[in-house]
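*Asks:* First the structure, which I've put down as structure tokens, then a few questions once you've had a look.
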Amino acid sequence: MTDKGKTSLADLKAQQGPVFEDMVFGLFRPNKHQVFEAKELSAELIAEFCQSEETFGAALEFANKLKAIWALKYPDQPGLKRIAAQPAPQPQPAIPLPTEESPVINDDDNAATPLPAAQPLKPGQIPSVSAGAIPPIEPVMKTRFNLPNCRVGVAYSATISGTDAASVPLIVTDMQIPAEIGLTFDPESQLVTGLPQLDGEFELALYWRYASTSEHNAGMVHLIANPDPKSLWKVNEPAPEQPYAKPHLDQQLISADGLRLLAASRRGRSHEHGGTFRDDDFFLDHDMAGSWSVMLVADGAGSAISSREGARLAVHSAGAYLVAQLKGDVGAKILPLVQAWDDAASHTVGSHFHYLFHTAATAAVEAIEQQAQAAGAPVRDFATTLLAVATRREGTHTFVASFWMGDGAIAAYGPRGTVKLMGMPDGGEYAGQTRFLDRAAIADAGFGKRVRIGRWSDIDAVLLMTDGVSDPYFETDNGLQDGTKWDVLWDELAPHLAGAAPEYAVLDWLHFFRQGHHDDRTIAILW
Amino acid sequence: MRRLPVFFVLDCSESMAGENLNKMEQGLQSIVKKLRTDPHALESVYISVIAFAGVAKTVAPLIEVASFYPPRLPLGGGTSLGAALDALMTEIDKAVVKTTAERKGDWKPIVYLFTDGRPTDNPASAIRKWNKNYSRKASIVAIGLGKDLDFSLLGQLTDNVIQFDDVTDGDFGKFVAWVSASVVAHSKSVGDNKGINELAALDPSIMRMIKEGPQTPLADEACVTLVGRCQKFKRPYIIKYEREKKALNTRDFKLDVSSYHLTGCYPLDEEYFAWSDPRSSNLQVNTSALVGSPGCPHCGNATAFAVCACGNLLCVSGDGYADCPWCEKSIYFGSSAAGDDGFDVQRGRG
């Protein structure tokens with residue numbers, strides 16, 4: 001070689017760069033033993049790496065070393081070639097801006113006249129170098145593999161499918177699935193099976209081939225593993241300074257007169273996750289003397305900030321009023337009418353209870369208004385539903401008088417397959433909004449429709465519940481009228497009612513997991 | 001169990017080619033990933049994706065988050081907002097469940113509409129139809145990416161018009177986080193029976209609510225796209241030129257920079273044509289306004305910007321005969337000196 005003086009690396013790179021760039025780029029091409037994983041990299045990054053001076057230096061060194069080995073092994077063979085510089089462009093999937101001019105110079109002992117420097121092309125301009133100098137490259141093989149999503153703890157079996165850019169189907173020959181994920185791949189059936197253990201999103205390496213050949217290529221598939229929904233629900237405590245604190249759980253049992261009544265109330269998963277209080281509440285009473293039982297449940301409005309207090313005030317004030325009235329003169333007047341139960345009598349009973357429930361509801365509203373005023377807050381902050389029942393059993397007959405404001409359900413259940421629904425929930429068609437207890441609702445001409453009475457034989461139980469229980473079991477108004485759905489509910493409850501501490505058993509049962517139903521749950525039962 | 005349907009209506013026009021489309025795909029993936037980890041969202045949110053360019057199609061029908069597999073987004077010529085709205089309304093009719101006596105229906109759906117450009121069809125009648133029959137049935141959040149938008153048009157569709165400025169690296173991540181948080185909050189509020197209809201707070205450093213449409217002049221667009229075909233593999237590609245971003249800093253002060261710089265040349269597949277507006281476009285650009293000429297992304301040929309007599313672009317390696325993959329004639333390409341004047345070529349609608 002003529003001594004041209006020290007040629008800098010940059011100069012060499014300007015002359016010979018493209019050859020080595022191509023060589024290094026080849027290490028990114030997908031094949032079984034590729035050196036670099038190109039899938040996640042941008043074309044610009046790969047280009048930058050291939051074109052850097054450092055890379056060029058290392059590649060040049062490597063080529064020189066190979067040349068030296070060849071010269072040693074085959075001193076008499078031809079093969080050692082001087083590298084003629086090639087003009088740009090570089091073969092890459094997305095072409096970045098062409099940069100500086102690359103001078104075309106022959107690295108030859110007998111230095112020929114250098115060709116004129118090529119300038120960057122303008123749009124529409126055709127370069128004068130003919131096609132032979134640059135061999136076109138194989139396009140990067142774009143493939144896409146699919147696996148349906150899996151879920152932790154749910155048995156999985158799915159076929160992997162994949163195609164190339166021309167939609168030709170591919171066969172997967174091998175797949176590397178980390179053991180912790182819990183899945184395995186069977187090449188024979190192309191099935192991925194197992195019980196997923198880990199949630200997250202995974203890029204799984206695989207090898208594939210065309211049906212017609214046996215040559216393997218590398219690829220990957222994106223697998224999504226959903227977490228077990230139950231594991232996502234957290235339990236958080238409300239901030240200690242929050243007013244109107246209420247315990248997350250409550251329960252009560254009354255055994256007397258050969259009958260039993262219980263209530264259980266539980267904070268729902270939604271409030272647990274959000275770190276807020278239970279909005280539901282209940283009230284139970286049984287008078288041994290007159291044999292009257294009084295049961296109330298209430299559900300504070302989700303959007304009302306102090307509704308838990310509203311629910312509590314409503315059930316206690318309305319409940320106390322009803323108990324007092326039934327113990328006193330009114331109760332004494334009603335009793336013979338209930339026992340007689342002819343048309344006239346029942347009509348009068350109805351009027352009595354209309355009055356009783358109207359006054360009870362008013363007492364509830366007044367209690368809330370008082371509290372609202374004391375707190376300097378609007379009444380609507382305490383919005384709540386209210387469901388109330390006064391019931392008396394005599395012999396085989398059960399008399400029930402009920403008041404229904406809001407959602408949830410009140411029913412006399414029995415015999416099997418039959419239910420006497422004591423009204424219909426408010427709200428009907430639109431959204432999650434229902435009717436709450438307020439002055440307007442009490443003054444409304446339709447108030448009477450909320451009061452129902454009835455006397456039946458062979459009643460298994462009288463039940464009241466908030467929508468946290470009725471929604472998962474009945475879903476719609478139609479569902480509430482379906483006796484078989486009540487059978488399902490009763491079949492689940494009955495075993496818990498049989499034991500020694502049924503109020504705790506039912507409280508526990510209220511924790512059941514039902515997707516989409518995470519409201520507070522309250523139920524009151526007389527059986 | 002009541003479902004919360006969420007519709008993503010995504011602009012897949014040519015101006016999204018390259019980085020933007022990638023970001024949108026990844027953004028969608030991130031949003032869904034976040035939804036998967038929230039208990040309310042995981043069990044109540046159902047997602048559907050409608051893509052639109054010259055035509056609009058549902059690329060992912062309404063499906064629960066747990067089963068949702070992020071679709072590959074297409075690319076096409078045109079921004080047919082009217083077609084997108086029609087497709088959305090059809091999908092709502094088809095997929096959203098109303099409450100009946102037998103079954104509790106879906107919550108009011110939310111629609112996230114992303115677009116980065118002006119509509120190239122006439123969306124007026126679709127907007128009218130939406131406002132008449134659907135605006136009470138679903139809420140739309142319209143998000144404009146960048147500045148080249150018709151905000152007053154979007155304002156006719158919804159009050160929630162947000163402009164997203166994607167300037168620095170972390171911005172898109174923040175934006176995606178905002179969309180996720182907004183969906184999660186909505187699913188929580190319906191789960192708690194709150195029924196609140198407010199948007200989550202916007203991050204003012206990257207997004208702002210547009211109340212009155214700023215009167216953006218109908219100036220030159222931010223990008224020029226051209227479609228060509230590889231001579232060897234016959235596959236299409238798209239060349240993208242963008243006006244330098246700093247030239248757009250002030251709306252009122254128009255810099256005299258009427259040139260576009262090459263930002264990339266991206267491979268396409270035949271799907272591109274299925275997604276493009278079938279109506280022919282007369283939009284032209286003069287090559288003197290374009291700086292830079294790319295090689296072919298499919299085969300590495302020296303230039304992807306060779307123009308055939310039939311008016312279409314193809315790639316050639318140098319002078320000589322070439323077979324035009326469009327008109328299939330054999331054409332001689334002579335090399336030209338650098339000093340030639342520019343000429344007009346047909347460009348994409350954007």
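Please note that chains go A, B, ... in the order of the structure tokens, that every chain numbers its residues from 1, and that ligands are numbered from 1 in the order shown.
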Give me, as a PyMOL selection string, the contact residues of chain B against chain A at a cut-off of 7 Å, counting only C-alpha atoms.

*Replies:* chain B and resi 1-2+36-39+43-44+66-67+99+101-104+107+192-194+262-266+287+290-295+297-302+305-307+317-319+334-336

*Asks:* Which neighbours of B:Phe172 fall inside 12 Å, counting only C-alpha atoms, when residues of the same chain fewer than 3 positions from it are skipped, and could you give them as a list of chain:residue names?

*Replies:*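 Here the qualifying residues turn out to be B:Glu19, B:Asn20, B:Asn22, B:Lys23, B:Met24, B:Glu25, B:Gln26, B:Gly27, B:Leu28, B:Ser30, B:Ile31, B:Leu145, B:Gly146, B:Phe164, B:Asp165, B:Asp166, B:Val167, B:Thr168, B:Asp169, B:Phe175, B:Val176, B:Ala177, B:Trp178, B:Val179, B:Asp203, B:Ser205, B:Ile206, B:Met207.
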
*Asks:* Can you work out the spacing between atom CA of A:Arg452 and atom CA of A:Leu356 in Å, to one decimal?

*Replies:*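 Result for atom CA of A:Arg452 versus atom CA of A:Leu356: 12.1 Å, one decimal.
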
*Asks:* According to DSSP computed on the backbone, where in stretch 72-312 of chain B is there alpha helix (DSSP H)? Give the residues as a ChimeraX atom specification.

*Replies:* /B:81-95,124-129,151-157,171-191,271-274

*Asks:* Please identify all polymer residues within 8 Å of stretch 214-219 of chain A, counting only C-alpha atoms, omitting same-chain residues fewer than 3 positions from it, and present them as JSON, numbers by chain.

*Replies:* {"A": [30, 31, 32, 143, 173, 205, 206, 207, 208, 209, 210, 211]}

*Asks:* With C-alpha atoms retained, export the selected residues as a short mmCIF file (atom, residue, chain, number, x, y, z; two decimals), in the first residue's frame.

*Replies:*
```
data_model
loop_
_atom_site.label_atom_id
_atom_site.label_comp_id
_atom_site.auth_asym_id
_atom_site.auth_seq_id
_atom_site.Cartn_x
_atom_site.Cartn_y
_atom_site.Cartn_z
CA PRO A 30 -34.19 -12.00 12.47
CA ASN A 31 -32.88 -15.53 12.24
CA LYS A 32 -32.17 -18.28 14.68
CA THR A 143 -44.81 -11.44 11.35
CA THR A 173 -41.96 -24.74 16.27
CA ALA A 205 -39.90 -15.50 22.22
CA LEU A 206 -40.74 -18.18 19.71
CA TYR A 207 -39.48 -19.86 16.54
CA TRP A 208 -41.57 -20.35 13.47
CA ARG A 209 -41.37 -21.75 9.99
CA TYR A 210 -43.41 -21.83 6.82
CA ALA A 211 -45.39 -25.00 6.27
#
```

*Asks:* I'd like the contact shell of A:Val379 - 10 Å cut-off, only C-alpha atoms, skipping same-chain residues fewer than 2 positions apart - returned as a list of chain:residue names.

*Replies:*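 Here the qualifying residues turn out to be A:Ala304, A:Ser306, A:Ser307, A:Gly310, A:Val365, A:Ile368, A:Glu369, A:Gln370, A:Gln371, A:Ala372, A:Gln373, A:Ala375, A:Gly376, A:Ala377, A:Asp381, A:Phe382, A:Ala383, A:Asp438.
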
*Asks:* Pick out the closest residue to B:Thr115 from this set: B:Ser180, B:Ser187, B:Asn133, B:Ser13. Count only C-alpha atoms.

*Replies:* B:Ser13

*Asks:* Quick one: of B:Phe233, B:Phe8, B:Tyr134, B:Phe343, who's nearest to B:Pro71, counting only C-alpha atoms?

*Replies:*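 Comparing B:Phe233, B:Phe8, B:Tyr134, B:Phe343 against B:Pro71, the winner is B:Phe8.
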
*Asks:* Could you pull the residues within 9 Å of stretch 324-327 of chain B, counting only C-alpha atoms, minus those fewer than 2 positions along the same chain, as a PyMOL selection string?

*Replies:* chain B and resi 228-235+308+310+312-315+322+329-331

*Asks:* Go ahead and write the selection's residues with C-alpha atoms as a compact mmCIF listing (two decimals), in the first residue's frame.

*Replies:*
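Output below, filename again-v5.txt:
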```
# COMPACT_ATOMS: atom_id res chain seq x y z
CA GLY B 228 -45.34 5.18 -4.05
CA ARG B 229 -44.76 1.56 -4.95
CA CYS B 230 -41.62 -0.51 -4.77
CA GLN B 231 -40.60 -1.59 -8.23
CA LYS B 232 -39.18 -4.93 -7.10
CA PHE B 233 -41.73 -6.08 -4.51
CA LYS B 234 -44.68 -4.03 -5.75
CA ARG B 235 -45.49 -3.09 -2.15
CA CYS B 308 -43.59 7.76 -13.81
CA CYS B 310 -48.56 7.95 -15.35
CA ASN B 312 -47.35 7.82 -9.76
CA LEU B 313 -44.25 7.35 -7.67
CA LEU B 314 -42.03 4.31 -7.78
CA CYS B 315 -38.54 3.39 -6.66
CA ALA B 322 -37.82 0.48 -15.03
CA LYS B 329 -45.30 -0.01 -18.60
CA SER B 330 -41.57 -0.05 -19.08
CA ILE B 331 -40.32 3.49 -18.79
```
